[in-house]
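Structure data follow from model-v7.pdb (PDB, N, CA, C and O atoms):
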```
ATOM      1  N   MET O   1     -13.175   6.802  25.358  1.00  0.00           N
ATOM      2  CA  MET O   1     -13.206   6.504  23.937  1.00  0.00           C
ATOM      3  C   MET O   1     -11.915   6.979  23.287  1.00  0.00           C
ATOM      4  O   MET O   1     -11.374   8.019  23.620  1.00  0.00           O
ATOM      5  N   SER O   2     -11.440   6.237  22.328  1.00  0.00           N
ATOM      6  CA  SER O   2     -10.194   6.557  21.637  1.00  0.00           C
ATOM      7  C   SER O   2     -10.400   7.712  20.661  1.00  0.00           C
ATOM      8  O   SER O   2     -11.456   7.869  20.055  1.00  0.00           O
ATOM      9  N   THR O   3      -9.359   8.531  20.514  1.00  0.00           N
ATOM     10  CA  THR O   3      -9.436   9.645  19.569  1.00  0.00           C
ATOM     11  C   THR O   3      -8.981   9.231  18.178  1.00  0.00           C
ATOM     12  O   THR O   3      -9.155   9.988  17.239  1.00  0.00           O
ATOM     13  N   LYS O   4      -8.383   8.050  18.048  1.00  0.00           N
ATOM     14  CA  LYS O   4      -7.923   7.570  16.744  1.00  0.00           C
ATOM     15  C   LYS O   4      -9.047   6.823  16.038  1.00  0.00           C
ATOM     16  O   LYS O   4      -9.816   6.104  16.675  1.00  0.00           O
ATOM     17  N   PRO O   5      -9.120   6.959  14.719  1.00  0.00           N
ATOM     18  CA  PRO O   5     -10.110   6.165  13.967  1.00  0.00           C
ATOM     19  C   PRO O   5      -9.812   4.667  14.105  1.00  0.00           C
ATOM     20  O   PRO O   5      -8.656   4.248  14.271  1.00  0.00           O
ATOM     21  N   LEU O   6     -10.851   3.886  14.030  1.00  0.00           N
ATOM     22  CA  LEU O   6     -10.721   2.438  14.189  1.00  0.00           C
ATOM     23  C   LEU O   6      -9.744   1.835  13.190  1.00  0.00           C
ATOM     24  O   LEU O   6      -8.955   0.956  13.541  1.00  0.00           O
ATOM     25  N   TRP O   7      -9.760   2.301  11.941  1.00  0.00           N
ATOM     26  CA  TRP O   7      -8.889   1.699  10.927  1.00  0.00           C
ATOM     27  C   TRP O   7      -7.419   1.933  11.248  1.00  0.00           C
ATOM     28  O   TRP O   7      -6.579   1.101  10.932  1.00  0.00           O
ATOM     29  N   ILE O   8      -7.097   3.045  11.919  1.00  0.00           N
ATOM     30  CA  ILE O   8      -5.694   3.291  12.305  1.00  0.00           C
ATOM     31  C   ILE O   8      -5.284   2.317  13.402  1.00  0.00           C
ATOM     32  O   ILE O   8      -4.181   1.755  13.376  1.00  0.00           O
ATOM     33  N   ILE O   9      -6.166   2.087  14.348  1.00  0.00           N
ATOM     34  CA  ILE O   9      -5.879   1.135  15.423  1.00  0.00           C
ATOM     35  C   ILE O   9      -5.695  -0.270  14.851  1.00  0.00           C
ATOM     36  O   ILE O   9      -4.771  -0.996  15.223  1.00  0.00           O
ATOM     37  N   GLN O  10      -6.559  -0.648  13.917  1.00  0.00           N
ATOM     38  CA  GLN O  10      -6.460  -1.975  13.299  1.00  0.00           C
ATOM     39  C   GLN O  10      -5.197  -2.105  12.452  1.00  0.00           C
ATOM     40  O   GLN O  10      -4.545  -3.154  12.465  1.00  0.00           O
ATOM     41  N   ALA O  11      -4.845  -1.054  11.715  1.00  0.00           N
ATOM     42  CA  ALA O  11      -3.631  -1.092  10.897  1.00  0.00           C
ATOM     43  C   ALA O  11      -2.395  -1.208  11.779  1.00  0.00           C
ATOM     44  O   ALA O  11      -1.465  -1.962  11.467  1.00  0.00           O
ATOM     45  N   ASP O  12      -2.365  -0.478  12.882  1.00  0.00           N
ATOM     46  CA  ASP O  12      -1.237  -0.546  13.808  1.00  0.00           C
ATOM     47  C   ASP O  12      -1.089  -1.954  14.370  1.00  0.00           C
ATOM     48  O   ASP O  12       0.024  -2.504  14.426  1.00  0.00           O
ATOM     49  N   ALA O  13      -2.197  -2.557  14.754  1.00  0.00           N
ATOM     50  CA  ALA O  13      -2.162  -3.924  15.283  1.00  0.00           C
ATOM     51  C   ALA O  13      -1.667  -4.906  14.224  1.00  0.00           C
ATOM     52  O   ALA O  13      -0.870  -5.802  14.518  1.00  0.00           O
ATOM     53  N   ALA O  14      -2.110  -4.736  12.985  1.00  0.00           N
ATOM     54  CA  ALA O  14      -1.677  -5.626  11.899  1.00  0.00           C
ATOM     55  C   ALA O  14      -0.182  -5.482  11.636  1.00  0.00           C
ATOM     56  O   ALA O  14       0.517  -6.483  11.420  1.00  0.00           O
ATOM     57  N   LEU O  15       0.322  -4.257  11.664  1.00  0.00           N
ATOM     58  CA  LEU O  15       1.762  -4.043  11.456  1.00  0.00           C
ATOM     59  C   LEU O  15       2.585  -4.653  12.583  1.00  0.00           C
ATOM     60  O   LEU O  15       3.649  -5.232  12.350  1.00  0.00           O
ATOM     61  N   ARG O  16       2.092  -4.547  13.802  1.00  0.00           N
ATOM     62  CA  ARG O  16       2.800  -5.156  14.937  1.00  0.00           C
ATOM     63  C   ARG O  16       2.821  -6.681  14.824  1.00  0.00           C
ATOM     64  O   ARG O  16       3.837  -7.314  15.105  1.00  0.00           O
ATOM     65  N   ARG O  17       1.696  -7.265  14.403  1.00  0.00           N
ATOM     66  CA  ARG O  17       1.664  -8.728  14.196  1.00  0.00           C
ATOM     67  C   ARG O  17       2.636  -9.147  13.100  1.00  0.00           C
ATOM     68  O   ARG O  17       3.354 -10.147  13.234  1.00  0.00           O
ATOM     69  N   ALA O  18       2.671  -8.389  12.011  1.00  0.00           N
ATOM     70  CA  ALA O  18       3.580  -8.712  10.903  1.00  0.00           C
ATOM     71  C   ALA O  18       5.031  -8.600  11.339  1.00  0.00           C
ATOM     72  O   ALA O  18       5.866  -9.443  10.977  1.00  0.00           O
ATOM     73  N   ALA O  19       5.346  -7.571  12.111  1.00  0.00           N
ATOM     74  CA  ALA O  19       6.721  -7.402  12.597  1.00  0.00           C
ATOM     75  C   ALA O  19       7.119  -8.560  13.510  1.00  0.00           C
ATOM     76  O   ALA O  19       8.235  -9.082  13.423  1.00  0.00           O
ATOM     77  N   ARG O  20       6.202  -8.985  14.364  1.00  0.00           N
ATOM     78  CA  ARG O  20       6.491 -10.095  15.273  1.00  0.00           C
ATOM     79  C   ARG O  20       6.709 -11.395  14.506  1.00  0.00           C
ATOM     80  O   ARG O  20       7.606 -12.171  14.811  1.00  0.00           O
ATOM     81  N   ARG O  21       5.880 -11.615  13.491  1.00  0.00           N
ATOM     82  CA  ARG O  21       6.034 -12.834  12.677  1.00  0.00           C
ATOM     83  C   ARG O  21       7.353 -12.811  11.913  1.00  0.00           C
ATOM     84  O   ARG O  21       8.028 -13.838  11.790  1.00  0.00           O
ATOM     85  N   ALA O  22       7.748 -11.635  11.400  1.00  0.00           N
ATOM     86  CA  ALA O  22       9.022 -11.517  10.695  1.00  0.00           C
ATOM     87  C   ALA O  22      10.182 -11.786  11.647  1.00  0.00           C
ATOM     88  O   ALA O  22      11.143 -12.486  11.299  1.00  0.00           O
ATOM     89  N   TYR O  23      10.094 -11.265  12.855  1.00  0.00           N
ATOM     90  CA  TYR O  23      11.140 -11.496  13.860  1.00  0.00           C
ATOM     91  C   TYR O  23      11.225 -12.981  14.209  1.00  0.00           C
ATOM     92  O   TYR O  23      12.323 -13.561  14.230  1.00  0.00           O
ATOM     93  N   ASP O  24      10.079 -13.602  14.470  1.00  0.00           N
ATOM     94  CA  ASP O  24      10.073 -15.025  14.810  1.00  0.00           C
ATOM     95  C   ASP O  24      10.635 -15.878  13.679  1.00  0.00           C
ATOM     96  O   ASP O  24      11.392 -16.821  13.918  1.00  0.00           O
ATOM     97  N   THR O  25      10.297 -15.546  12.446  1.00  0.00           N
ATOM     98  CA  THR O  25      10.823 -16.272  11.291  1.00  0.00           C
ATOM     99  C   THR O  25      12.333 -16.101  11.187  1.00  0.00           C
ATOM    100  O   THR O  25      13.058 -17.065  10.918  1.00  0.00           O
ATOM    101  N   ALA O  26      12.825 -14.891  11.412  1.00  0.00           N
ATOM    102  CA  ALA O  26      14.270 -14.644  11.344  1.00  0.00           C
ATOM    103  C   ALA O  26      15.013 -15.414  12.431  1.00  0.00           C
ATOM    104  O   ALA O  26      16.090 -15.962  12.187  1.00  0.00           O
ATOM    105  N   VAL O  27      14.445 -15.469  13.621  1.00  0.00           N
ATOM    106  CA  VAL O  27      15.066 -16.242  14.706  1.00  0.00           C
ATOM    107  C   VAL O  27      15.112 -17.716  14.325  1.00  0.00           C
ATOM    108  O   VAL O  27      16.139 -18.385  14.466  1.00  0.00           O
ATOM    109  N   ARG O  28      13.991 -18.220  13.824  1.00  0.00           N
ATOM    110  CA  ARG O  28      13.889 -19.650  13.485  1.00  0.00           C
ATOM    111  C   ARG O  28      14.826 -20.038  12.351  1.00  0.00           C
ATOM    112  O   ARG O  28      15.392 -21.124  12.345  1.00  0.00           O
ATOM    113  N   THR O  29      15.009 -19.155  11.360  1.00  0.00           N
ATOM    114  CA  THR O  29      15.818 -19.482  10.184  1.00  0.00           C
ATOM    115  C   THR O  29      17.238 -18.938  10.246  1.00  0.00           C
ATOM    116  O   THR O  29      18.042 -19.231   9.372  1.00  0.00           O
ATOM    117  N   GLY O  30      17.532 -18.107  11.261  1.00  0.00           N
ATOM    118  CA  GLY O  30      18.879 -17.551  11.391  1.00  0.00           C
ATOM    119  C   GLY O  30      19.218 -16.528  10.315  1.00  0.00           C
ATOM    120  O   GLY O  30      20.356 -16.442   9.882  1.00  0.00           O
ATOM    121  N   THR O  31      18.223 -15.768   9.888  1.00  0.00           N
ATOM    122  CA  THR O  31      18.444 -14.762   8.852  1.00  0.00           C
ATOM    123  C   THR O  31      18.397 -13.357   9.437  1.00  0.00           C
ATOM    124  O   THR O  31      17.936 -13.144  10.560  1.00  0.00           O
ATOM    125  N   LEU O  32      18.894 -12.401   8.672  1.00  0.00           N
ATOM    126  CA  LEU O  32      18.929 -11.014   9.111  1.00  0.00           C
ATOM    127  C   LEU O  32      17.568 -10.344   8.946  1.00  0.00           C
ATOM    128  O   LEU O  32      16.794 -10.700   8.062  1.00  0.00           O
ATOM    129  N   LEU O  33      17.316  -9.367   9.796  1.00  0.00           N
ATOM    130  CA  LEU O  33      16.134  -8.515   9.683  1.00  0.00           C
ATOM    131  C   LEU O  33      16.584  -7.157   9.162  1.00  0.00           C
ATOM    132  O   LEU O  33      17.624  -6.654   9.568  1.00  0.00           O
ATOM    133  N   CYS O  34      15.816  -6.552   8.280  1.00  0.00           N
ATOM    134  CA  CYS O  34      16.082  -5.191   7.823  1.00  0.00           C
ATOM    135  C   CYS O  34      15.067  -4.276   8.490  1.00  0.00           C
ATOM    136  O   CYS O  34      13.866  -4.500   8.377  1.00  0.00           O
ATOM    137  N   VAL O  35      15.574  -3.278   9.211  1.00  0.00           N
ATOM    138  CA  VAL O  35      14.701  -2.344   9.917  1.00  0.00           C
ATOM    139  C   VAL O  35      15.171  -0.922   9.666  1.00  0.00           C
ATOM    140  O   VAL O  35      16.313  -0.684   9.259  1.00  0.00           O
ATOM    141  N   TYR O  36      14.277   0.027   9.920  1.00  0.00           N
ATOM    142  CA  TYR O  36      14.585   1.444   9.785  1.00  0.00           C
ATOM    143  C   TYR O  36      14.861   1.968  11.180  1.00  0.00           C
ATOM    144  O   TYR O  36      13.997   1.943  12.048  1.00  0.00           O
ATOM    145  N   ARG O  37      16.092   2.433  11.427  1.00  0.00           N
ATOM    146  CA  ARG O  37      16.485   2.895  12.753  1.00  0.00           C
ATOM    147  C   ARG O  37      17.328   4.152  12.628  1.00  0.00           C
ATOM    148  O   ARG O  37      18.298   4.172  11.880  1.00  0.00           O
ATOM    149  N   ASP O  38      16.952   5.187  13.333  1.00  0.00           N
ATOM    150  CA  ASP O  38      17.688   6.456  13.349  1.00  0.00           C
ATOM    151  C   ASP O  38      17.899   7.006  11.944  1.00  0.00           C
ATOM    152  O   ASP O  38      18.978   7.482  11.602  1.00  0.00           O
ATOM    153  N   GLY O  39      16.888   6.898  11.109  1.00  0.00           N
ATOM    154  CA  GLY O  39      16.955   7.457   9.767  1.00  0.00           C
ATOM    155  C   GLY O  39      17.729   6.623   8.765  1.00  0.00           C
ATOM    156  O   GLY O  39      17.986   7.070   7.659  1.00  0.00           O
ATOM    157  N   LYS O  40      18.112   5.409   9.138  1.00  0.00           N
ATOM    158  CA  LYS O  40      18.869   4.539   8.243  1.00  0.00           C
ATOM    159  C   LYS O  40      18.263   3.144   8.232  1.00  0.00           C
ATOM    160  O   LYS O  40      17.661   2.708   9.199  1.00  0.00           O
ATOM    161  N   VAL O  41      18.461   2.457   7.118  1.00  0.00           N
ATOM    162  CA  VAL O  41      18.079   1.054   7.042  1.00  0.00           C
ATOM    163  C   VAL O  41      19.268   0.246   7.543  1.00  0.00           C
ATOM    164  O   VAL O  41      20.389   0.409   7.065  1.00  0.00           O
ATOM    165  N   VAL O  42      19.030  -0.597   8.548  1.00  0.00           N
ATOM    166  CA  VAL O  42      20.101  -1.434   9.093  1.00  0.00           C
ATOM    167  C   VAL O  42      19.657  -2.887   9.083  1.00  0.00           C
ATOM    168  O   VAL O  42      18.467  -3.188   9.143  1.00  0.00           O
ATOM    169  N   ARG O  43      20.620  -3.764   8.994  1.00  0.00           N
ATOM    170  CA  ARG O  43      20.344  -5.199   9.043  1.00  0.00           C
ATOM    171  C   ARG O  43      20.705  -5.702  10.435  1.00  0.00           C
ATOM    172  O   ARG O  43      21.783  -5.412  10.940  1.00  0.00           O
ATOM    173  N   LEU O  44      19.802  -6.436  11.045  1.00  0.00           N
ATOM    174  CA  LEU O  44      19.992  -6.932  12.398  1.00  0.00           C
ATOM    175  C   LEU O  44      19.938  -8.445  12.431  1.00  0.00           C
ATOM    176  O   LEU O  44      19.144  -9.057  11.725  1.00  0.00           O
ATOM    177  N   MET O  45      20.762  -9.024  13.291  1.00  0.00           N
ATOM    178  CA  MET O  45      20.681 -10.453  13.545  1.00  0.00           C
ATOM    179  C   MET O  45      19.874 -10.616  14.827  1.00  0.00           C
ATOM    180  O   MET O  45      20.267 -10.112  15.874  1.00  0.00           O
ATOM    181  N   PRO O  46      18.712 -11.238  14.756  1.00  0.00           N
ATOM    182  CA  PRO O  46      17.887 -11.379  15.961  1.00  0.00           C
ATOM    183  C   PRO O  46      18.569 -12.280  16.977  1.00  0.00           C
ATOM    184  O   PRO O  46      19.175 -13.292  16.625  1.00  0.00           O
ATOM    185  N   ALA O  47      18.478 -11.888  18.235  1.00  0.00           N
ATOM    186  CA  ALA O  47      19.045 -12.661  19.336  1.00  0.00           C
ATOM    187  C   ALA O  47      17.889 -13.201  20.177  1.00  0.00           C
ATOM    188  O   ALA O  47      16.723 -12.944  19.883  1.00  0.00           O
ATOM    189  N   GLU O  48      18.200 -13.912  21.207  1.00  0.00           N
ATOM    190  CA  GLU O  48      17.165 -14.488  22.049  1.00  0.00           C
ATOM    191  C   GLU O  48      16.270 -13.411  22.660  1.00  0.00           C
ATOM    192  O   GLU O  48      15.064 -13.500  22.603  1.00  0.00           O
ATOM    193  N   LYS O  49      16.844 -12.373  23.252  1.00  0.00           N
ATOM    194  CA  LYS O  49      16.036 -11.372  23.939  1.00  0.00           C
ATOM    195  C   LYS O  49      15.788 -10.131  23.104  1.00  0.00           C
ATOM    196  O   LYS O  49      14.745  -9.521  23.220  1.00  0.00           O
ATOM    197  N   GLU O  50      16.732  -9.699  22.305  1.00  0.00           N
ATOM    198  CA  GLU O  50      16.516  -8.537  21.446  1.00  0.00           C
ATOM    199  C   GLU O  50      17.453  -8.621  20.249  1.00  0.00           C
ATOM    200  O   GLU O  50      18.417  -9.360  20.257  1.00  0.00           O
ATOM    201  N   ALA O  51      17.133  -7.868  19.212  1.00  0.00           N
ATOM    202  CA  ALA O  51      17.937  -7.909  18.003  1.00  0.00           C
ATOM    203  C   ALA O  51      19.243  -7.147  18.236  1.00  0.00           C
ATOM    204  O   ALA O  51      19.247  -6.049  18.763  1.00  0.00           O
ATOM    205  N   ALA O  52      20.345  -7.752  17.847  1.00  0.00           N
ATOM    206  CA  ALA O  52      21.657  -7.145  18.006  1.00  0.00           C
ATOM    207  C   ALA O  52      22.166  -6.711  16.637  1.00  0.00           C
ATOM    208  O   ALA O  52      21.993  -7.415  15.653  1.00  0.00           O
ATOM    209  N   LEU O  53      22.790  -5.552  16.589  1.00  0.00           N
ATOM    210  CA  LEU O  53      23.298  -5.040  15.324  1.00  0.00           C
ATOM    211  C   LEU O  53      24.390  -5.954  14.807  1.00  0.00           C
ATOM    212  O   LEU O  53      25.371  -6.217  15.480  1.00  0.00           O
ATOM    213  N   ARG O  54      24.211  -6.456  13.613  1.00  0.00           N
ATOM    214  CA  ARG O  54      25.179  -7.363  13.004  1.00  0.00           C
ATOM    215  C   ARG O  54      26.049  -6.613  12.002  1.00  0.00           C
ATOM    216  O   ARG O  54      27.251  -6.735  12.020  1.00  0.00           O
ATOM    217  N   GLU O  55      25.435  -5.834  11.157  1.00  0.00           N
ATOM    218  CA  GLU O  55      26.184  -5.068  10.171  1.00  0.00           C
ATOM    219  C   GLU O  55      25.283  -3.981   9.616  1.00  0.00           C
ATOM    220  O   GLU O  55      24.071  -4.079   9.691  1.00  0.00           O
ATOM    221  N   GLU O  56      25.869  -2.929   9.093  1.00  0.00           N
ATOM    222  CA  GLU O  56      25.092  -1.867   8.475  1.00  0.00           C
ATOM    223  C   GLU O  56      25.251  -1.961   6.967  1.00  0.00           C
ATOM    224  O   GLU O  56      26.320  -2.266   6.470  1.00  0.00           O
ATOM    225  N   PRO O  57      24.183  -1.696   6.241  1.00  0.00           N
ATOM    226  CA  PRO O  57      24.266  -1.770   4.783  1.00  0.00           C
ATOM    227  C   PRO O  57      25.004  -0.577   4.209  1.00  0.00           C
ATOM    228  O   PRO O  57      25.216   0.428   4.887  1.00  0.00           O
ATOM    229  N   SER O  58      25.395  -0.695   2.972  1.00  0.00           N
ATOM    230  CA  SER O  58      25.976   0.449   2.294  1.00  0.00           C
ATOM    231  C   SER O  58      24.892   1.501   2.149  1.00  0.00           C
ATOM    232  O   SER O  58      23.713   1.232   2.311  1.00  0.00           O
ATOM    233  N   GLU O  59      25.282   2.718   1.850  1.00  0.00           N
ATOM    234  CA  GLU O  59      24.315   3.798   1.713  1.00  0.00           C
ATOM    235  C   GLU O  59      23.450   3.560   0.479  1.00  0.00           C
ATOM    236  O   GLU O  59      23.923   3.592  -0.647  1.00  0.00           O
ATOM    237  N   TYR O  60      22.182   3.310   0.686  1.00  0.00           N
ATOM    238  CA  TYR O  60      21.252   3.059  -0.387  1.00  0.00           C
ATOM    239  C   TYR O  60      20.823   4.366  -1.020  1.00  0.00           C
ATOM    240  O   TYR O  60      20.578   5.337  -0.326  1.00  0.00           O
ATOM    241  N   GLY O  61      20.740   4.388  -2.315  1.00  0.00           N
ATOM    242  CA  GLY O  61      20.196   5.536  -3.016  1.00  0.00           C
ATOM    243  C   GLY O  61      21.085   6.757  -3.060  1.00  0.00           C
ATOM    244  O   GLY O  61      20.644   7.827  -3.420  1.00  0.00           O
ATOM    245  N   THR O  62      22.341   6.625  -2.659  1.00  0.00           N
ATOM    246  CA  THR O  62      23.222   7.782  -2.707  1.00  0.00           C
ATOM    247  C   THR O  62      24.026   7.731  -3.986  1.00  0.00           C
ATOM    248  O   THR O  62      24.482   6.671  -4.417  1.00  0.00           O
ATOM    249  N   LYS O  63      24.165   8.879  -4.590  1.00  0.00           N
ATOM    250  CA  LYS O  63      24.942   8.956  -5.836  1.00  0.00           C
ATOM    251  C   LYS O  63      26.367   9.374  -5.509  1.00  0.00           C
ATOM    252  O   LYS O  63      26.589  10.261  -4.708  1.00  0.00           O
ATOM    253  N   LYS O  64      27.290   8.722  -6.133  1.00  0.00           N
ATOM    254  CA  LYS O  64      28.691   9.070  -5.940  1.00  0.00           C
ATOM    255  C   LYS O  64      29.147   9.927  -7.103  1.00  0.00           C
ATOM    256  O   LYS O  64      28.808   9.639  -8.243  1.00  0.00           O
ATOM    257  N   PRO O  65      29.881  10.998  -6.802  1.00  0.00           N
ATOM    258  CA  PRO O  65      30.329  11.898  -7.896  1.00  0.00           C
ATOM    259  C   PRO O  65      31.301  11.259  -8.838  1.00  0.00           C
ATOM    260  O   PRO O  65      31.903  10.281  -8.630  1.00  0.00           O
TER     261      PRO O  65
END
```

Produce structure tokens that represent the structure in this file.
Amino acid sequence: MSTKPLWIIQADAALRRAARRAYDTAVRTGTLLCVYRDGKVVRLMPAEKEAALREEPSEYGTKKP
């Protein structure tokens, strides 16, 4: 028996489905994906086998003196 509550398992599955649909849509339309990686938001261009880093965004939410 699983130690996680059922709603956590269902939420995880729903998030994985949503991520897959977003990836498939980005591949089909040739648009960038925004993901959180290594503590930063990065924009990725999806490739055939895996998403390849296309460019990094400017620092969001940082104040300049």

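CA of Val41 in chain O lies 25.4 Å from CA of Ile9 in chain O.
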
Separating CA of Val42 in chain O from CA of Arg17 in chain O, to the nearest tenth of an Å, is a gap of 20.5 Å

Since I can't run it myself right now, could you work out what the PyMOL selection byres ((chain O and resi 33) around 4.5) selects here and report it as number ranges by chain?
O: 31-32, 34-35, 42-44

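One distance worth recording is that between CA of Ala11 in chain O and CA of Ala26 in chain O, which is 22.5 Å.
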
For range 15-24 of chain O, supply all heavy atoms and report the output as a CSV table (one decimal), keeping the file's coordinate frame.
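As a result, part.csv now contains:
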```
chain,number,residue,atom,x,y,z
O,15,LEU,N,0.3,-4.3,11.7
O,15,LEU,CA,1.8,-4.0,11.5
O,15,LEU,C,2.6,-4.7,12.6
O,15,LEU,O,3.6,-5.2,12.4
O,15,LEU,CB,2.1,-2.6,11.3
O,15,LEU,CG,1.6,-1.9,10.0
O,15,LEU,CD1,1.7,-0.4,10.1
O,15,LEU,CD2,2.4,-2.5,8.9
O,16,ARG,N,2.1,-4.5,13.8
O,16,ARG,CA,2.8,-5.2,14.9
O,16,ARG,C,2.8,-6.7,14.8
O,16,ARG,O,3.8,-7.3,15.1
O,16,ARG,CB,2.2,-4.7,16.3
O,16,ARG,CG,2.4,-3.3,16.6
O,16,ARG,CD,1.7,-2.9,17.9
O,16,ARG,NE,1.8,-1.4,18.1
O,16,ARG,CZ,2.9,-0.8,18.6
O,16,ARG,NH1,3.9,-1.5,19.0
O,16,ARG,NH2,2.9,0.5,18.7
O,17,ARG,N,1.7,-7.3,14.4
O,17,ARG,CA,1.7,-8.7,14.2
O,17,ARG,C,2.6,-9.1,13.1
O,17,ARG,O,3.4,-10.1,13.2
O,17,ARG,CB,0.2,-9.2,13.8
O,17,ARG,CG,-0.7,-9.2,15.0
O,17,ARG,CD,-2.0,-10.0,14.6
O,17,ARG,NE,-2.6,-9.5,13.4
O,17,ARG,CZ,-3.5,-8.5,13.3
O,17,ARG,NH1,-3.9,-7.9,14.5
O,17,ARG,NH2,-4.1,-8.1,12.2
O,18,ALA,N,2.7,-8.4,12.0
O,18,ALA,CA,3.6,-8.7,10.9
O,18,ALA,C,5.0,-8.6,11.3
O,18,ALA,O,5.9,-9.4,11.0
O,18,ALA,CB,3.3,-7.8,9.7
O,19,ALA,N,5.3,-7.6,12.1
O,19,ALA,CA,6.7,-7.4,12.6
O,19,ALA,C,7.1,-8.6,13.5
O,19,ALA,O,8.2,-9.1,13.4
O,19,ALA,CB,6.9,-6.1,13.3
O,20,ARG,N,6.2,-9.0,14.4
O,20,ARG,CA,6.5,-10.1,15.3
O,20,ARG,C,6.7,-11.4,14.5
O,20,ARG,O,7.6,-12.2,14.8
O,20,ARG,CB,5.3,-10.3,16.3
O,20,ARG,CG,5.6,-11.3,17.3
O,20,ARG,CD,6.8,-10.9,18.2
O,20,ARG,NE,7.4,-12.1,18.7
O,20,ARG,CZ,8.4,-12.0,19.6
O,20,ARG,NH1,8.8,-10.8,20.0
O,20,ARG,NH2,8.9,-13.1,20.1
O,21,ARG,N,5.9,-11.6,13.5
O,21,ARG,CA,6.0,-12.8,12.7
O,21,ARG,C,7.4,-12.8,11.9
O,21,ARG,O,8.0,-13.8,11.8
O,21,ARG,CB,4.9,-13.0,11.7
O,21,ARG,CG,3.6,-13.4,12.4
O,21,ARG,CD,2.4,-13.5,11.5
O,21,ARG,NE,2.6,-14.7,10.7
O,21,ARG,CZ,1.8,-15.0,9.7
O,21,ARG,NH1,0.8,-14.2,9.4
O,21,ARG,NH2,2.0,-16.1,9.0
O,22,ALA,N,7.7,-11.6,11.4
O,22,ALA,CA,9.0,-11.5,10.7
O,22,ALA,C,10.2,-11.8,11.6
O,22,ALA,O,11.1,-12.5,11.3
O,22,ALA,CB,9.2,-10.1,10.1
O,23,TYR,N,10.1,-11.3,12.9
O,23,TYR,CA,11.1,-11.5,13.9
O,23,TYR,C,11.2,-13.0,14.2
O,23,TYR,O,12.3,-13.6,14.2
O,23,TYR,CB,10.9,-10.7,15.1
O,23,TYR,CG,11.9,-10.9,16.2
O,23,TYR,CD1,13.1,-10.2,16.2
O,23,TYR,CD2,11.6,-11.8,17.2
O,23,TYR,CE1,14.0,-10.4,17.2
O,23,TYR,CE2,12.6,-12.0,18.2
O,23,TYR,CZ,13.8,-11.3,18.2
O,23,TYR,OH,14.7,-11.5,19.2
O,24,ASP,N,10.1,-13.6,14.5
O,24,ASP,CA,10.1,-15.0,14.8
O,24,ASP,C,10.6,-15.9,13.7
O,24,ASP,O,11.4,-16.8,13.9
O,24,ASP,CB,8.6,-15.5,15.1
O,24,ASP,CG,8.1,-14.9,16.4
O,24,ASP,OD1,8.9,-14.4,17.2
O,24,ASP,OD2,6.9,-14.9,16.6
```
